[in-house]
2 protein chains.
Amino acid sequence: MHDVETRELRYFVAIAEELHFGRAADRLGIAQPPLSRAIRQLEHRLGVQLLDRDRRGVALTEPGRVLLHEARLALDAVSAAVRRTRQAAAERRPLVLVTKAGASHELLQRLLDAVGSAPDPVPVEVLLCEVGEQAGLLRDGTADVAVMHRPYDDLAGFDTEDLVVEGQVAILPAAHPLAARAELTLAEVQHVPDLPIARWPRLDGSYPDGPGPEVRTQSKLAQLVALGRTLLVIPASSRAWQWPEHVAVPVVDAPEVTTVLAWRPGNRSPALASFVRTVTESVRIPG
Amino acid sequence: MHDVETRELRYFVAIAEELHFGRAADRLGIAQPPLSRAIRQLEHRLGVQLLDRDRRGVALTEPGRVLLHEARLALDAVSAAVRRTRQAAAERRPLVLVTKAGASHELLQRLLDAVGSAPDPVPVEVLLCEVGEQAGLLRDGTADVAVMHRPYDDLAGFDTEDLVVEGQVAILPAAHPLAARAELTLAEVQHVPDLPIARWPRLDGSYPDGPGPEVRTQSKLAQLVALGRTLLVIPASSRAWQWPEHVAVPVVDAPEVTTVLAWRPGNRSPALASFVRTVTESVRIPG
DNA sequence: CCTCGTGATACTCCACGGGTATCAGCGCGC
DNA sequence: GCGCGCTGATACCCGTGGAGTATCACGAGG
């Protein structure tokens with residue numbers, strides 16, 4: 001009875017995401033039969049049924065959903081081990097900061113200025129990503145520190161430092177009647193019949209049910225708003241939405257959003273420590 | 001160029017801990033040559049030298065130390081994936097609480113009483129371990145929640161809830177002159193010539209340099225104190241040291257120790273949530 | 001000098017991961 | 001109704017590579 005190998009976890013993640021043996025095998029660059037065998041073998045080894053094989057596709061069981069989540073964490077940890085080992089062998093490299101494209105733009109600007117003009121400037125490389133990708137990039141060692149937003153982002157398992165708190169605004173097509181309002185409430189915004197709220201993928205890649213369009217990238221969503229097909233509620237400082245066709249209206253009762261600095265706990269790099277210190281001292285707006 | 005497999009990480013951890021190919025291979029249940037090859041292959045794949053091979057044994061390079069730490073985290077994450085998947089398939093099982101044997105005994109008693117007499121009692125299984133093992137047991141999914149002590153224990157990556165704060169006492173052999181004192185200071189305690197402070201293994205398994213004896217378990221340390229070979233400074237509530245040959249003297253300027261409840265973030269089990277709520281409400285002494 | 005103990009090398013072998021071909025159940029269309 | 005197409009499962013073969021045994025190369029110590 002061997003142990004579980006990362007290969008098996010990769011296989012399982014692939015099929016759990018695709019829910020289709022053929023496509024998953026394709027993505028993995030192997031044939032379908034070995035994949036079938038590997039998954040059966042994994043199920044047998046765990047003593048747990050992970051998939052409900054139905055004619056017409058595959059569905060995850062409840063333990064399967066658990067394994068999907070845990071396997072992602074485990075694979076990220078393996079990637080992190082490889083990355084951090086290579087980084088330890090390399091010369092002094094810049095600190096990698098990751099943030100959602102377009103979010104907290106001014107804060108980011110101030111933050112980089114502060115770090116660049118500190119007595120001992122830390123070289124910083126900025127990596128922009130899509131919504132929800134930051135946690136994975138931090139976990140797998142691609143990035144050292146992230147600018148994230150509570151309660152939107154998944155902060156589980158990270159050390160964080162709060163930076164600023166802000167309200168949220170609704171982004172509407174300029175042509176829409178609600179765009180003329182000085183302020184709105186969540187109730188008004190949540191059920192506009194002709195502007196259903198867009199649906200983002202969950203952590204497991206599936207979409208919640210609902211009338212709105214499915215989106216995965218900010219640029220596509222921005223275009224949908226400009227086209228008058230949807231609206232959204234986001235922190236006031238987001239700058240990815242300043243098209244001429246967009247109007248921002250404050251939503252008075254939306255939950256406040258906290259911009260936070262997040263990093264992998266246990267990271268004792270002096271560059272990171274210095275970065276966090278500089279940023280919190282110069283950027284934070286005391287509560 | 002294949003990916004890194006957990007087998008390779010297990011091999012590396014074994015040799016990094018043993019620093020000896022023969023013993024490591026033995027522990028892994030394989031012969032020595034395959035282990036040599038596997039490690040070479042891993043080094044080649046990472047493009048990093050992990051070990052300094054000297055005639056007369058092996059030493060870790062700096063990247064090797066990084067990989068040892070990261071590989072342990074990754075292997076724990078893989079174990080956790082397996083455990084949690086199996087648990088998800090099993091019937092309602094008790095919550096596993098882990099704590100250092102002998103630490104915070106009264107608090108543990110109150111805590112279990114409170115949970116047992118709550119309106120919806122959560123079945124709790126208590127697991128006792130040695131110093132420093134809690135983090136690993138939480139990370140690899142063996143335990144769901146731990147009673148730990150800041151700043152002693154490694155809380156990196158866990159969600160925590162503070163329970164109580166307390167001072168520390170020095171545990172001395174009853175026969176020693178210092179045992180008669182009503183209180184002591186850290187400076188007095190730290191350099192008692194005939195009672196060098198015992199050395200605990202670091203996270204990587206190695207021991208710091210110094211004159212004191214190397215210890216790994218509490219029971220052995222307790223005996224060493226009773227024999228008049230060492231002393232130690234611990235939280236006042238620890239109860240593993242109440243031998244007749246022991247005397248506890250408060251150390252007035254020792255840093256305070258906070259007893260905390262810790263658990264893996266992102267655990268959405270209702271049993272855990274209810275447990276944490278009950279415990280914090282009934283046990284916590286407000287600061 | 002020989003011996004012992006280290007890790008590396010040279011081979012042999014076979015288990016297992018992967019490939020191709022094919023099967024088996026179900027939905028669906030003509 | 002019957003065939004076709006799509007699913008995942010099965011059967012079988014093959015080659016890679018992981019693991020074993022035997023041995024080497026090198027240094028330390030007596």
# chains A, B, ... in the order shown; residues from 1 in each chain; ligands from 1

call {"tool": "residues_around", "arguments": {"residues": "Pro123 (chain A)", "least_positions_apart": "3", "cutoff": "9 Å", "atoms": "only C-alpha atoms (C1' of nucleotides)", "output": "PyMOL selection string"}}
result
chain A and resi 93-96+115-116+271

call {"tool": "select_by_dssp", "arguments": {"residues": "region 30-100 of chain A", "states": "alpha helix (DSSP H)", "output": "PyMOL selection string"}}
result
chain A and resi 32-46+62-89

call {"tool": "interface_residues", "arguments": {"of": "chain B", "to": "chain C", "cutoff": "10 Å", "atoms": "only C-alpha atoms (C1' of nucleotides)", "output": "MDAnalysis selection string"}}
result
chainID B and resid 20:22 32:33 36:37 53:58

call {"tool": "write_last_selection", "arguments": {"atoms": "C-alpha atoms", "output": "compact mmCIF listing (two decimals), in the first residue's frame"}}
result
# COMPACT_ATOMS: atom_id res chain seq x y z
CA HIS B 20 23.28 9.63 6.59
CA PHE B 21 22.31 7.75 3.41
CA GLY B 22 22.45 4.33 4.99
CA GLN B 32 20.99 2.93 -0.16
CA PRO B 33 21.80 3.21 -3.89
CA SER B 36 21.50 8.26 -3.57
CA ARG B 37 20.15 8.32 -7.10
CA ARG B 53 28.67 15.36 0.59
CA ASP B 54 31.70 15.08 2.69
CA ARG B 55 33.48 11.85 3.38
CA ARG B 56 32.24 11.26 6.88
CA GLY B 57 28.59 12.15 6.47
CA VAL B 58 26.43 14.74 4.85

call {"tool": "closest_residue", "arguments": {"among": "B:Leu137, B:Ala156, B:Val247, B:Leu68", "to": "chain A", "atoms": "only C-alpha atoms"}}
result
B:Ala156

call {"tool": "select_by_dssp", "arguments": {"residues": "region 28-197 of chain A", "states": "strand (DSSP E)", "output": "number ranges by chain"}}
result
A: 51-53, 58-60, 95-100, 124-129, 145-150, 159-166, 168-173

call {"tool": "closest_atom_pairs", "arguments": {"of": "chain D", "to": "chain B", "cutoff": "9 Å", "atoms": "only C-alpha atoms (C1' of nucleotides)", "output": "JSON lines"}}
result
{"residue": "D:DG18", "atom": "C1'", "partner": "B:Pro34", "partner_atom": "CA", "distance": 7.4}
{"residue": "D:DA19", "atom": "C1'", "partner": "B:Pro34", "partner_atom": "CA", "distance": 6.3}
{"residue": "D:DG20", "atom": "C1'", "partner": "B:Ala31", "partner_atom": "CA", "distance": 7.3}
{"residue": "D:DC26", "atom": "C1'", "partner": "B:Arg55", "partner_atom": "CA", "distance": 7.9}
{"residue": "D:DG27", "atom": "C1'", "partner": "B:Arg55", "partner_atom": "CA", "distance": 6.7}
{"residue": "D:DA28", "atom": "C1'", "partner": "B:Arg56", "partner_atom": "CA", "distance": 8.8}

call {"tool": "interface_residues", "arguments": {"of": "chain B", "to": "chain A", "cutoff": "7 Å", "atoms": "only C-alpha atoms", "output": "ChimeraX atom specification"}}
result
/B:5-7,46,48,63,66-67,70-71,73-74,77-78,81-82,85-86,88-89,156-158,265-266

call {"tool": "write_last_selection", "arguments": {"atoms": "N, CA and C atoms", "output": "PDB file, in the first residue's frame"}}
result
ATOM      1  N   GLU B   5       7.564  14.524  -6.945  1.00  0.00           N
ATOM      2  CA  GLU B   5       6.597  13.625  -6.319  1.00  0.00           C
ATOM      3  C   GLU B   5       6.803  13.592  -4.807  1.00  0.00           C
ATOM      4  N   THR B   6       5.752  13.242  -4.097  1.00  0.00           N
ATOM      5  CA  THR B   6       5.869  13.201  -2.643  1.00  0.00           C
ATOM      6  C   THR B   6       6.927  12.183  -2.215  1.00  0.00           C
ATOM      7  N   ARG B   7       7.097  11.127  -2.993  1.00  0.00           N
ATOM      8  CA  ARG B   7       8.134  10.139  -2.665  1.00  0.00           C
ATOM      9  C   ARG B   7       9.494  10.820  -2.547  1.00  0.00           C
ATOM     10  N   LEU B  46      15.834  20.250  -9.515  1.00  0.00           N
ATOM     11  CA  LEU B  46      15.656  21.590  -8.954  1.00  0.00           C
ATOM     12  C   LEU B  46      16.765  22.524  -9.424  1.00  0.00           C
ATOM     13  N   VAL B  48      19.580  22.707  -7.956  1.00  0.00           N
ATOM     14  CA  VAL B  48      20.082  23.262  -6.698  1.00  0.00           C
ATOM     15  C   VAL B  48      20.826  22.165  -5.939  1.00  0.00           C
ATOM     16  N   PRO B  63      19.875  26.138   0.794  1.00  0.00           N
ATOM     17  CA  PRO B  63      18.638  25.729   0.097  1.00  0.00           C
ATOM     18  C   PRO B  63      18.113  24.399   0.629  1.00  0.00           C
ATOM     19  N   VAL B  66      15.985  25.107   3.544  1.00  0.00           N
ATOM     20  CA  VAL B  66      14.687  25.637   3.104  1.00  0.00           C
ATOM     21  C   VAL B  66      13.794  24.496   2.636  1.00  0.00           C
ATOM     22  N   LEU B  67      14.363  23.612   1.817  1.00  0.00           N
ATOM     23  CA  LEU B  67      13.537  22.520   1.296  1.00  0.00           C
ATOM     24  C   LEU B  67      13.066  21.611   2.416  1.00  0.00           C
ATOM     25  N   GLU B  70      10.047  23.345   3.872  1.00  0.00           N
ATOM     26  CA  GLU B  70       8.918  23.391   2.933  1.00  0.00           C
ATOM     27  C   GLU B  70       8.387  21.996   2.632  1.00  0.00           C
ATOM     28  N   ALA B  71       9.288  21.028   2.545  1.00  0.00           N
ATOM     29  CA  ALA B  71       8.859  19.667   2.236  1.00  0.00           C
ATOM     30  C   ALA B  71       8.010  19.118   3.370  1.00  0.00           C
ATOM     31  N   LEU B  73       6.072  20.879   5.314  1.00  0.00           N
ATOM     32  CA  LEU B  73       4.746  21.489   5.162  1.00  0.00           C
ATOM     33  C   LEU B  73       3.974  20.796   4.048  1.00  0.00           C
ATOM     34  N   ALA B  74       4.651  20.552   2.930  1.00  0.00           N
ATOM     35  CA  ALA B  74       3.962  19.949   1.786  1.00  0.00           C
ATOM     36  C   ALA B  74       3.491  18.538   2.123  1.00  0.00           C
ATOM     37  N   ALA B  77       0.549  18.672   4.199  1.00  0.00           N
ATOM     38  CA  ALA B  77      -0.637  19.037   3.427  1.00  0.00           C
ATOM     39  C   ALA B  77      -1.177  17.827   2.676  1.00  0.00           C
ATOM     40  N   VAL B  78      -0.289  16.985   2.173  1.00  0.00           N
ATOM     41  CA  VAL B  78      -0.749  15.773   1.483  1.00  0.00           C
ATOM     42  C   VAL B  78      -1.426  14.833   2.482  1.00  0.00           C
ATOM     43  N   ALA B  81      -4.772  16.075   3.240  1.00  0.00           N
ATOM     44  CA  ALA B  81      -5.731  15.813   2.165  1.00  0.00           C
ATOM     45  C   ALA B  81      -6.309  14.411   2.317  1.00  0.00           C
ATOM     46  N   VAL B  82      -5.440  13.451   2.565  1.00  0.00           N
ATOM     47  CA  VAL B  82      -5.902  12.071   2.715  1.00  0.00           C
ATOM     48  C   VAL B  82      -6.809  11.946   3.936  1.00  0.00           C
ATOM     49  N   THR B  85     -10.187  13.754   3.630  1.00  0.00           N
ATOM     50  CA  THR B  85     -11.076  13.097   2.673  1.00  0.00           C
ATOM     51  C   THR B  85     -11.720  11.881   3.319  1.00  0.00           C
ATOM     52  N   ARG B  86     -10.908  11.101   4.013  1.00  0.00           N
ATOM     53  CA  ARG B  86     -11.460   9.923   4.685  1.00  0.00           C
ATOM     54  C   ARG B  86     -12.468  10.332   5.751  1.00  0.00           C
ATOM     55  N   ALA B  88     -14.286  12.969   5.765  1.00  0.00           N
ATOM     56  CA  ALA B  88     -15.516  13.449   5.141  1.00  0.00           C
ATOM     57  C   ALA B  88     -16.413  12.284   4.771  1.00  0.00           C
ATOM     58  N   ALA B  89     -15.810  11.133   4.504  1.00  0.00           N
ATOM     59  CA  ALA B  89     -16.604   9.977   4.122  1.00  0.00           C
ATOM     60  C   ALA B  89     -17.131   9.227   5.349  1.00  0.00           C
ATOM     61  N   ALA B 156       2.256  29.705  13.197  1.00  0.00           N
ATOM     62  CA  ALA B 156       2.207  30.208  11.822  1.00  0.00           C
ATOM     63  C   ALA B 156       1.163  29.460  11.005  1.00  0.00           C
ATOM     64  N   GLY B 157       0.230  30.203  10.444  1.00  0.00           N
ATOM     65  CA  GLY B 157      -0.742  29.607   9.547  1.00  0.00           C
ATOM     66  C   GLY B 157      -2.000  29.090  10.218  1.00  0.00           C
ATOM     67  N   PHE B 158      -2.149  29.348  11.496  1.00  0.00           N
ATOM     68  CA  PHE B 158      -3.363  28.896  12.162  1.00  0.00           C
ATOM     69  C   PHE B 158      -4.236  30.080  12.562  1.00  0.00           C
ATOM     70  N   PRO B 265      -7.127  27.246   9.529  1.00  0.00           N
ATOM     71  CA  PRO B 265      -8.076  28.193   8.947  1.00  0.00           C
ATOM     72  C   PRO B 265      -8.813  27.544   7.786  1.00  0.00           C
ATOM     73  N   GLY B 266     -10.009  28.039   7.538  1.00  0.00           N
ATOM     74  CA  GLY B 266     -10.784  27.511   6.427  1.00  0.00           C
ATOM     75  C   GLY B 266     -11.550  26.268   6.788  1.00  0.00           C
TER      76      GLY B 266
END

call {"tool": "atom_distance", "arguments": {"atom1": "CA of Arg229 (chain A)", "atom2": "CA of Tyr207 (chain A)"}}
result
18.0 Å

call {"tool": "residues_around", "arguments": {"residues": "Phe275 (chain B)", "least_positions_apart": "2", "cutoff": "9 Å", "atoms": "only C-alpha atoms (C1' of nucleotides)", "output": "PyMOL selection string"}}
result
chain B and resi 95+115+121-122+270-273+277-280

call {"tool": "write_last_selection", "arguments": {"atoms": "N, CA and C atoms", "output": "mmCIF file, in the first residue's frame"}}
result
data_model
loop_
_atom_site.group_PDB
_atom_site.id
_atom_site.type_symbol
_atom_site.label_atom_id
_atom_site.label_comp_id
_atom_site.auth_asym_id
_atom_site.auth_seq_id
_atom_site.Cartn_x
_atom_site.Cartn_y
_atom_site.Cartn_z
ATOM 1 N N LEU B 95 -14.450 15.401 17.653
ATOM 2 C CA LEU B 95 -13.454 16.434 17.390
ATOM 3 C C LEU B 95 -12.171 16.030 18.123
ATOM 4 N N VAL B 115 -17.534 22.206 27.496
ATOM 5 C CA VAL B 115 -18.000 21.646 26.227
ATOM 6 C C VAL B 115 -18.962 20.492 26.475
ATOM 7 N N PRO B 121 -23.693 19.174 23.148
ATOM 8 C CA PRO B 121 -22.315 18.756 23.440
ATOM 9 C C PRO B 121 -21.635 18.144 22.215
ATOM 10 N N VAL B 122 -20.429 18.630 21.943
ATOM 11 C CA VAL B 122 -19.626 18.079 20.856
ATOM 12 C C VAL B 122 -18.744 16.980 21.440
ATOM 13 N N PRO B 270 -19.098 22.627 11.524
ATOM 14 C CA PRO B 270 -19.940 23.233 12.564
ATOM 15 C C PRO B 270 -19.532 22.752 13.956
ATOM 16 N N ALA B 271 -19.046 21.513 14.056
ATOM 17 C CA ALA B 271 -18.611 21.015 15.372
ATOM 18 C C ALA B 271 -17.470 21.875 15.902
ATOM 19 N N LEU B 272 -16.509 22.193 15.013
ATOM 20 C CA LEU B 272 -15.384 23.022 15.442
ATOM 21 C C LEU B 272 -15.870 24.413 15.851
ATOM 22 N N ALA B 273 -16.733 24.994 15.028
ATOM 23 C CA ALA B 273 -17.221 26.337 15.327
ATOM 24 C C ALA B 273 -17.911 26.368 16.678
ATOM 25 N N ARG B 277 -16.677 28.393 20.051
ATOM 26 C CA ARG B 277 -17.571 29.364 20.677
ATOM 27 C C ARG B 277 -17.774 29.030 22.158
ATOM 28 N N THR B 278 -18.118 27.794 22.418
ATOM 29 C CA THR B 278 -18.337 27.383 23.802
ATOM 30 C C THR B 278 -17.105 27.644 24.658
ATOM 31 N N VAL B 279 -15.954 27.273 24.149
ATOM 32 C CA VAL B 279 -14.732 27.407 24.935
ATOM 33 C C VAL B 279 -14.410 28.873 25.210
ATOM 34 N N THR B 280 -14.455 29.689 24.181
ATOM 35 C CA THR B 280 -14.074 31.085 24.402
ATOM 36 C C THR B 280 -15.055 31.764 25.348
#

call {"tool": "residues_around", "arguments": {"residues": "Glu214 (chain A)", "least_positions_apart": "3", "cutoff": "10 Å", "atoms": "only C-alpha atoms (C1' of nucleotides)", "output": "list of chain:residue names"}}
result
A:Ile197, A:Ala198, A:Arg199, A:Trp200, A:Pro201, A:Tyr207, A:Pro208, A:Asp209, A:Gly210, A:Pro211, A:Thr217, A:Lys220, A:Leu221

call {"tool": "write_last_selection", "arguments": {"atoms": "N, CA and C atoms", "output": "short mmCIF file (atom, residue, chain, number, x, y, z; two decimals), in the first residue's frame"}}
result
data_model
loop_
_atom_site.label_atom_id
_atom_site.label_comp_id
_atom_site.auth_asym_id
_atom_site.auth_seq_id
_atom_site.Cartn_x
_atom_site.Cartn_y
_atom_site.Cartn_z
N ILE A 197 -26.88 40.82 -11.37
CA ILE A 197 -25.49 40.86 -10.93
C ILE A 197 -24.70 39.68 -11.52
N ALA A 198 -23.50 39.98 -11.98
CA ALA A 198 -22.68 38.95 -12.62
C ALA A 198 -22.27 37.89 -11.61
N ARG A 199 -22.04 36.69 -12.10
CA ARG A 199 -21.64 35.58 -11.23
C ARG A 199 -20.17 35.23 -11.44
N TRP A 200 -19.41 35.23 -10.34
CA TRP A 200 -18.00 34.85 -10.39
C TRP A 200 -17.85 33.38 -10.06
N PRO A 201 -16.81 32.75 -10.57
CA PRO A 201 -16.61 31.34 -10.21
C PRO A 201 -16.29 31.21 -8.73
N TYR A 207 -19.91 27.78 -11.00
CA TYR A 207 -20.61 29.05 -10.88
C TYR A 207 -21.88 28.88 -10.07
N PRO A 208 -22.19 29.86 -9.22
CA PRO A 208 -23.49 29.80 -8.53
C PRO A 208 -24.62 29.97 -9.55
N ASP A 209 -25.81 29.50 -9.18
CA ASP A 209 -26.96 29.69 -10.07
C ASP A 209 -27.42 31.14 -10.01
N GLY A 210 -28.12 31.56 -11.01
CA GLY A 210 -28.65 32.92 -11.00
C GLY A 210 -28.83 33.43 -12.42
N PRO A 211 -29.44 34.61 -12.51
CA PRO A 211 -29.74 35.14 -13.83
C PRO A 211 -28.57 35.85 -14.50
N THR A 217 -12.98 37.33 -15.83
CA THR A 217 -11.95 38.36 -15.82
C THR A 217 -12.59 39.74 -15.71
N LYS A 220 -13.55 41.55 -19.07
CA LYS A 220 -14.82 41.12 -19.68
C LYS A 220 -15.99 41.71 -18.92
N LEU A 221 -15.88 41.75 -17.59
CA LEU A 221 -16.96 42.30 -16.80
C LEU A 221 -17.14 43.79 -17.09
#

call {"tool": "residues_around", "arguments": {"residues": "Val145 (chain B)", "least_positions_apart": "4", "cutoff": "6 Å", "atoms": "only C-alpha atoms (C1' of nucleotides)", "output": "PyMOL selection string"}}
result
chain B and resi 97+262-263

call {"tool": "write_last_selection", "arguments": {"atoms": "N, CA and C atoms", "output": "PDB file, in the first residue's frame"}}
result
ATOM      1  N   LEU B  97      -8.881  17.047  19.915  1.00  0.00           N
ATOM      2  CA  LEU B  97      -8.176  18.160  20.550  1.00  0.00           C
ATOM      3  C   LEU B  97      -6.806  17.685  20.976  1.00  0.00           C
ATOM      4  N   ALA B 262      -6.022  26.938  18.837  1.00  0.00           N
ATOM      5  CA  ALA B 262      -5.588  27.103  17.454  1.00  0.00           C
ATOM      6  C   ALA B 262      -6.219  26.047  16.570  1.00  0.00           C
ATOM      7  N   TRP B 263      -6.542  26.428  15.342  1.00  0.00           N
ATOM      8  CA  TRP B 263      -7.104  25.456  14.392  1.00  0.00           C
ATOM      9  C   TRP B 263      -6.743  25.872  12.978  1.00  0.00           C
TER      10      TRP B 263
END

call {"tool": "atom_distance", "arguments": {"atom1": "CA of Val189 (chain A)", "atom2": "CA of Ala174 (chain A)"}}
result
14.8 Å

call {"tool": "decode", "arguments": {"residues": "region 17-29 of chain C", "atoms": "N, CA and C atoms (P, O5', C5', C4', C3', O3' and C1' of nucleotides)", "output": "PDB file, in the first residue's frame"}}
result
ATOM      1  P    DG C  17       1.712   3.183 -11.059  1.00  0.00           P
ATOM      2  O5'  DG C  17       1.917   4.379 -12.098  1.00  0.00           O
ATOM      3  C5'  DG C  17       3.237   4.787 -12.403  1.00  0.00           C
ATOM      4  C4'  DG C  17       3.331   5.177 -13.866  1.00  0.00           C
ATOM      5  C3'  DG C  17       2.092   5.868 -14.410  1.00  0.00           C
ATOM      6  O3'  DG C  17       2.499   6.889 -15.324  1.00  0.00           O
ATOM      7  C1'  DG C  17       2.482   3.897 -15.648  1.00  0.00           C
ATOM      8  P    DG C  18       1.443   7.795 -15.997  1.00  0.00           P
ATOM      9  O5'  DG C  18       1.360   7.231 -17.485  1.00  0.00           O
ATOM     10  C5'  DG C  18       2.435   7.434 -18.383  1.00  0.00           C
ATOM     11  C4'  DG C  18       2.171   6.655 -19.650  1.00  0.00           C
ATOM     12  C3'  DG C  18       0.841   7.020 -20.325  1.00  0.00           C
ATOM     13  O3'  DG C  18       1.068   7.620 -21.598  1.00  0.00           O
ATOM     14  C1'  DG C  18       1.157   4.663 -20.192  1.00  0.00           C
ATOM     15  P    DG C  19      -0.147   8.037 -22.506  1.00  0.00           P
ATOM     16  O5'  DG C  19      -0.165   6.909 -23.643  1.00  0.00           O
ATOM     17  C5'  DG C  19       0.988   6.696 -24.447  1.00  0.00           C
ATOM     18  C4'  DG C  19       0.752   5.493 -25.349  1.00  0.00           C
ATOM     19  C3'  DG C  19      -0.591   5.545 -26.087  1.00  0.00           C
ATOM     20  O3'  DG C  19      -0.405   5.688 -27.495  1.00  0.00           O
ATOM     21  C1'  DG C  19      -0.343   3.463 -24.924  1.00  0.00           C
ATOM     22  P    DT C  20      -1.761   5.910 -28.342  1.00  0.00           P
ATOM     23  O5'  DT C  20      -2.209   4.416 -28.690  1.00  0.00           O
ATOM     24  C5'  DT C  20      -1.316   3.494 -29.314  1.00  0.00           C
ATOM     25  C4'  DT C  20      -2.062   2.220 -29.681  1.00  0.00           C
ATOM     26  C3'  DT C  20      -3.370   2.439 -30.455  1.00  0.00           C
ATOM     27  O3'  DT C  20      -3.478   1.475 -31.489  1.00  0.00           O
ATOM     28  C1'  DT C  20      -3.823   1.253 -28.450  1.00  0.00           C
ATOM     29  P    DA C  21      -4.722   1.525 -32.446  1.00  0.00           P
ATOM     30  O5'  DA C  21      -5.664   0.407 -31.787  1.00  0.00           O
ATOM     31  C5'  DA C  21      -5.134  -0.887 -31.512  1.00  0.00           C
ATOM     32  C4'  DA C  21      -6.237  -1.780 -30.946  1.00  0.00           C
ATOM     33  C3'  DA C  21      -7.601  -1.627 -31.622  1.00  0.00           C
ATOM     34  O3'  DA C  21      -8.153  -2.913 -31.867  1.00  0.00           O
ATOM     35  C1'  DA C  21      -7.822  -1.266 -29.299  1.00  0.00           C
ATOM     36  P    DT C  22      -9.576  -3.070 -32.606  1.00  0.00           P
ATOM     37  O5'  DT C  22     -10.574  -3.298 -31.393  1.00  0.00           O
ATOM     38  C5'  DT C  22     -10.224  -4.220 -30.352  1.00  0.00           C
ATOM     39  C4'  DT C  22     -11.202  -4.067 -29.207  1.00  0.00           C
ATOM     40  C3'  DT C  22     -12.670  -3.939 -29.626  1.00  0.00           C
ATOM     41  O3'  DT C  22     -13.371  -5.098 -29.217  1.00  0.00           O
ATOM     42  C1'  DT C  22     -12.102  -2.491 -27.825  1.00  0.00           C
ATOM     43  P    DC C  23     -14.946  -5.201 -29.494  1.00  0.00           P
ATOM     44  O5'  DC C  23     -15.528  -5.004 -28.020  1.00  0.00           O
ATOM     45  C5'  DC C  23     -14.933  -5.722 -26.941  1.00  0.00           C
ATOM     46  C4'  DC C  23     -15.511  -5.245 -25.616  1.00  0.00           C
ATOM     47  C3'  DC C  23     -17.037  -5.206 -25.570  1.00  0.00           C
ATOM     48  O3'  DC C  23     -17.491  -5.795 -24.367  1.00  0.00           O
ATOM     49  C1'  DC C  23     -16.154  -3.088 -24.977  1.00  0.00           C
ATOM     50  P    DA C  24     -18.987  -6.281 -24.213  1.00  0.00           P
ATOM     51  O5'  DA C  24     -19.657  -5.158 -23.313  1.00  0.00           O
ATOM     52  C5'  DA C  24     -19.082  -4.826 -22.063  1.00  0.00           C
ATOM     53  C4'  DA C  24     -19.867  -3.667 -21.454  1.00  0.00           C
ATOM     54  C3'  DA C  24     -21.373  -3.713 -21.709  1.00  0.00           C
ATOM     55  O3'  DA C  24     -22.024  -3.224 -20.557  1.00  0.00           O
ATOM     56  C1'  DA C  24     -20.499  -1.717 -22.566  1.00  0.00           C
ATOM     57  P    DG C  25     -23.516  -3.688 -20.251  1.00  0.00           P
ATOM     58  O5'  DG C  25     -24.332  -2.323 -20.230  1.00  0.00           O
ATOM     59  C5'  DG C  25     -24.323  -1.552 -19.035  1.00  0.00           C
ATOM     60  C4'  DG C  25     -24.429  -0.094 -19.413  1.00  0.00           C
ATOM     61  C3'  DG C  25     -25.849   0.358 -19.771  1.00  0.00           C
ATOM     62  O3'  DG C  25     -26.224   1.349 -18.845  1.00  0.00           O
ATOM     63  C1'  DG C  25     -24.255   1.175 -21.329  1.00  0.00           C
ATOM     64  P    DC C  26     -27.749   1.456 -18.473  1.00  0.00           P
ATOM     65  O5'  DC C  26     -28.182   2.763 -19.271  1.00  0.00           O
ATOM     66  C5'  DC C  26     -27.556   3.998 -18.951  1.00  0.00           C
ATOM     67  C4'  DC C  26     -27.570   4.886 -20.164  1.00  0.00           C
ATOM     68  C3'  DC C  26     -28.950   5.216 -20.723  1.00  0.00           C
ATOM     69  O3'  DC C  26     -29.288   6.524 -20.322  1.00  0.00           O
ATOM     70  C1'  DC C  26     -27.261   4.952 -22.409  1.00  0.00           C
ATOM     71  P    DG C  27     -30.673   7.138 -20.674  1.00  0.00           P
ATOM     72  O5'  DG C  27     -30.293   8.075 -21.911  1.00  0.00           O
ATOM     73  C5'  DG C  27     -29.269   9.036 -21.734  1.00  0.00           C
ATOM     74  C4'  DG C  27     -29.121   9.846 -23.012  1.00  0.00           C
ATOM     75  C3'  DG C  27     -30.428  10.357 -23.613  1.00  0.00           C
ATOM     76  O3'  DG C  27     -30.191  11.666 -24.128  1.00  0.00           O
ATOM     77  C1'  DG C  27     -29.321   8.954 -25.196  1.00  0.00           C
ATOM     78  P    DC C  28     -31.382  12.564 -24.536  1.00  0.00           P
ATOM     79  O5'  DC C  28     -31.217  12.632 -26.114  1.00  0.00           O
ATOM     80  C5'  DC C  28     -29.924  12.464 -26.684  1.00  0.00           C
ATOM     81  C4'  DC C  28     -30.037  12.233 -28.188  1.00  0.00           C
ATOM     82  C3'  DC C  28     -31.378  12.632 -28.805  1.00  0.00           C
ATOM     83  O3'  DC C  28     -31.120  13.360 -29.982  1.00  0.00           O
ATOM     84  C1'  DC C  28     -30.853  10.414 -29.399  1.00  0.00           C
ATOM     85  P    DG C  29     -32.207  14.279 -30.611  1.00  0.00           P
ATOM     86  O5'  DG C  29     -32.036  13.968 -32.169  1.00  0.00           O
ATOM     87  C5'  DG C  29     -30.718  13.766 -32.674  1.00  0.00           C
ATOM     88  C4'  DG C  29     -30.787  12.893 -33.924  1.00  0.00           C
ATOM     89  C3'  DG C  29     -31.970  13.209 -34.841  1.00  0.00           C
ATOM     90  O3'  DG C  29     -31.533  13.209 -36.187  1.00  0.00           O
ATOM     91  C1'  DG C  29     -32.026  10.923 -34.216  1.00  0.00           C
TER      92       DG C  29
END
